[in-house]
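> One structure, pasted below without further comment.
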Amino acid sequence: MARVLVCTAQVPFVSGGAERHAAGLVREIRALGHEAELAQVPFKWYPREQILLSALAWRLLDVTGSDGMPIDLVIPMKFPSYLVRHPNKVVWLIHQFRQAYDRFGTDGSDFDAGPEDTRWRELIAAADATGLGEARRIFTNAKNTSARLSRFNGIDSTTLYHPPPLAGRYREGALGDFALVVGRLDRWKRMELAIEGAAAGWFPLVVAGAGPDEARLRGIAERSGARVDFRGTVTDEELVELYASAGAVLFTPADEDYGYIALEAFLSGRPVVTCTDSGGPLEFVRDGATGRVVPPDGRAVGEAAASLLADRARAREMGRAGREAVRGITWESAVRTLLEAGGIG
């Protein structure tokens with residue numbers, strides 16, 4: 001029996017897919033008979049100095065042992081947790097500090113091209129090179145994440161998929177007449193495309209989730225005349241029921257890391273509409289086979305969703321094809337791969 005420490009940064013009072021991913025990993029390591037704990041350190045990215053102070057906090061930690069017993073393996077998952085030092089470190093990267101990389105030059109980053117911010121970005125890249133360079137192996141949660149790591153840092157990695165949080169509980173019900181949007185209400189999720197699509201295609205839309213973009217999205221819905229039901233945060237049981245009864249799932253983020261919403265939809269036998277620049281979902285959604293891939297335009301999203309809602313036989317066929325495509329993604333396979341990379345059988 002090994003002792004494994006999963007490490008991740010945590011923005012206090014904010015929770016989403018990354019947090020559920022880390023908790024799921026701890027749970028599944030324990031299920032294989034090992035001891036596992038989750039180590040979280042609060043992360044604050046402003047003012048600039050706090051970014052590297054957070055990295056330093058991880059660097060200063062001694063996680064080689066606890067209570068007189070050695071820790072056999074550490075698995076860091078998110079910047080800057082992979083700065084933690086340990087002789088047996090296997091990284092499962094969810095994402096880096098994207099504001100310094102692919103989001104630089106967009107509305108999603110407040111870094112500018114001036115000399116001061118350029119230096120901060122260089123320091124972040126140097127920290128990543130140090131922390132990730134020490135790892136025995138580097139896995140990522142998606143091919144999209146691996147591609148970014150290679151593009152910006154010149155670091156090779158291996159993609160290792162994991163199932164969504166409620167794997168084993170999703171089910172297929174009767175196809176409904178509404179489209180479903182799930183996730184944190186954040187600008188990078190681009191849920192306005194789904195709302196604009198609902199207005200253009202004149203179909204009901206259910207939005208399950210909460211977040212800082214809610215007021216703006218409600219305003220868009222009101223102005224467009226779209227029929228949108230904002231459900232807010234839902235229970236796990238309610239989420240499973242929504243997936244089971246939706247006619248289609250709309251998932252239109254900008255350059256998502258992984259995006260297990262597509263997998264949740266497929267495991268519920270539902271087709272997915274996503275966009276040509278959505279990143280991670282494109283690793284699973286095949287246009288015309290498991291869903292639709294359209295330009296990031298509200299009208300295009302609406303037309304694709306409306307066609308699926310109107311042709312239930314086609315929607316069901318696509319959803320079931322999606323389910324078959326992701327059937328082999330299991331927690332046991334992912335955890336065994338990580339443990340074996342750390343020399344734990």
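If you're wondering about the labels, chains in the structure tokens are A, B, ... by order shown, residues count from 1 in each chain, ligands from 1 in order shown.
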Determine, using only C-alpha atoms, which residues of stretch 212-282 of chain A have any atom at most 10 Å from an atom of stretch 7-24 of chain A, and tabulate each with its shortest atom pair and distance in Å to one decimal place, rows ordered by chain and then rising number, as a Markdown table.


```
| residue | atom | partner | partner_atom | distance |
| --- | --- | --- | --- | --- |
| A:Tyr258 | CA | A:Gly17 | CA | 9.7 |
| A:Gly259 | CA | A:Gly17 | CA | 8.4 |
| A:Tyr260 | CA | A:Gly17 | CA | 8.2 |
| A:Ile261 | CA | A:Gly17 | CA | 9.5 |
```

> For A:Gly108, find every residue with an atom within 8 Å (counting only C-alpha atoms), except residues of its own chain fewer than 5 positions away, and show them as a PyMOL selection string.

chain A and resi 99+103+188

> Could those residues be written to a file, using N, CA and C atoms, as a short mmCIF file (atom, residue, chain, number, x, y, z; two decimals), in the first residue's frame?


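Output file part.cif is given in full below:
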```cif
data_model
loop_
_atom_site.label_atom_id
_atom_site.label_comp_id
_atom_site.auth_asym_id
_atom_site.auth_seq_id
_atom_site.Cartn_x
_atom_site.Cartn_y
_atom_site.Cartn_z
N GLN A 99 -3.31 32.84 -18.51
CA GLN A 99 -3.26 34.27 -18.80
C GLN A 99 -1.88 34.68 -19.32
N ARG A 103 -3.89 32.80 -23.50
CA ARG A 103 -4.86 33.88 -23.35
C ARG A 103 -4.22 35.27 -23.42
N TRP A 188 -15.43 32.74 -20.74
CA TRP A 188 -14.71 31.83 -21.63
C TRP A 188 -15.56 30.62 -22.03
#
```

> Please identify all polymer residues within 10 Å of A:Arg292, counting only C-alpha atoms, omitting same-chain residues fewer than 4 positions from it, and present them as a ChimeraX atom specification.

/A:250,271-276,285-288,301,304-305,307-308,318

> Could you write out, as a VMD selection string, all the residues of stretch 41-194 of chain A that DSSP marks as strand (DSSP E)?

chain A and resid 41 to 42 65 to 66 69 to 70 73 to 76 90 to 93 137 to 140 158 to 159 179 to 182

> Among the residues of stretch 46-261 of chain A, find those DSSP assigns to alpha helix (DSSP H) from the backbone and print them as a ChimeraX atom specification.

/A:49-60,115-133,143-153,192-201,214-224,236-245,261

> Given only C-alpha atoms, how would the per-residue table for stretch 108-203 of chain A near stretch 46-55 of chain A read, listing every residue at most 9 Å away with its closest atom pair and distance in Å to one decimal, sorted by chain and number, as JSON lines?


```
{"residue": "A:Asp117", "atom": "CA", "partner": "A:Arg48", "partner_atom": "CA", "distance": 8.7}
{"residue": "A:Trp120", "atom": "CA", "partner": "A:Arg48", "partner_atom": "CA", "distance": 7.6}
{"residue": "A:Leu123", "atom": "CA", "partner": "A:Leu52", "partner_atom": "CA", "distance": 8.1}
{"residue": "A:Ile124", "atom": "CA", "partner": "A:Leu52", "partner_atom": "CA", "distance": 7.3}
{"residue": "A:Ala127", "atom": "CA", "partner": "A:Ala55", "partner_atom": "CA", "distance": 7.7}
```

> Using the selection just defined, write its residues with N, CA, C and O atoms as a CSV table (one decimal), in the first residue's frame.


```csv
chain,number,residue,atom,x,y,z
A,117,ASP,N,5.4,43.5,-17.7
A,117,ASP,CA,4.6,42.3,-17.8
A,117,ASP,C,5.3,41.2,-18.6
A,117,ASP,O,5.1,40.0,-18.3
A,120,TRP,N,7.3,39.4,-16.1
A,120,TRP,CA,6.5,38.5,-15.3
A,120,TRP,C,6.2,37.2,-16.0
A,120,TRP,O,6.2,36.1,-15.5
A,123,LEU,N,9.1,35.0,-16.1
A,123,LEU,CA,9.3,34.3,-14.8
A,123,LEU,C,8.4,33.2,-14.6
A,123,LEU,O,8.7,32.1,-14.0
A,124,ILE,N,7.1,33.3,-15.0
A,124,ILE,CA,6.1,32.2,-14.9
A,124,ILE,C,6.6,31.1,-15.8
A,124,ILE,O,6.5,29.9,-15.4
A,127,ALA,N,9.4,29.3,-14.0
A,127,ALA,CA,8.9,28.5,-12.9
A,127,ALA,C,8.3,27.2,-13.5
A,127,ALA,O,8.5,26.1,-12.9
```

> From the list A:Thr330, A:Ser245, A:Ser66, A:Thr290, which residue is nearest A:Phe178 when using only C-alpha atoms?

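Checking each candidate against A:Phe178, we get A:Ser245 as the closest.
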
> From the set A:Leu73, A:Asp297, A:Asn153, A:Gly168, which residue has the shortest atom-to-atom contact distance to A:Gly131, counting only C-alpha atoms?

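That would be A:Asn153, the residue with the smallest distance to A:Gly131.
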
> Do a neighbour search on A:Arg216 at 10 Å with only C-alpha atoms, toss out local chain neighbours closer than 5 positions, and write the hits as a VMD selection string.

chain A and resid 185 to 187 192 221 to 222

> Could you write those residues out with C-alpha atoms, as a compact mmCIF listing (two decimals), in the first residue's frame?


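The resulting selection23.txt:
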```
# COMPACT_ATOMS: atom_id res chain seq x y z
CA LEU A 185 -21.16 30.82 -16.05
CA ASP A 186 -17.88 32.35 -17.18
CA ARG A 187 -17.13 34.43 -20.27
CA GLU A 192 -24.12 33.54 -25.16
CA ALA A 221 -31.50 36.28 -23.11
CA GLU A 222 -33.94 39.07 -22.33
```

> Pick out the closest residue to A:Asp255 from this set: A:Ala125, A:Ala315, A:Ala174, A:Leu282. Count only C-alpha atoms.

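Distance minimum relative to A:Asp255 lands on A:Leu282.
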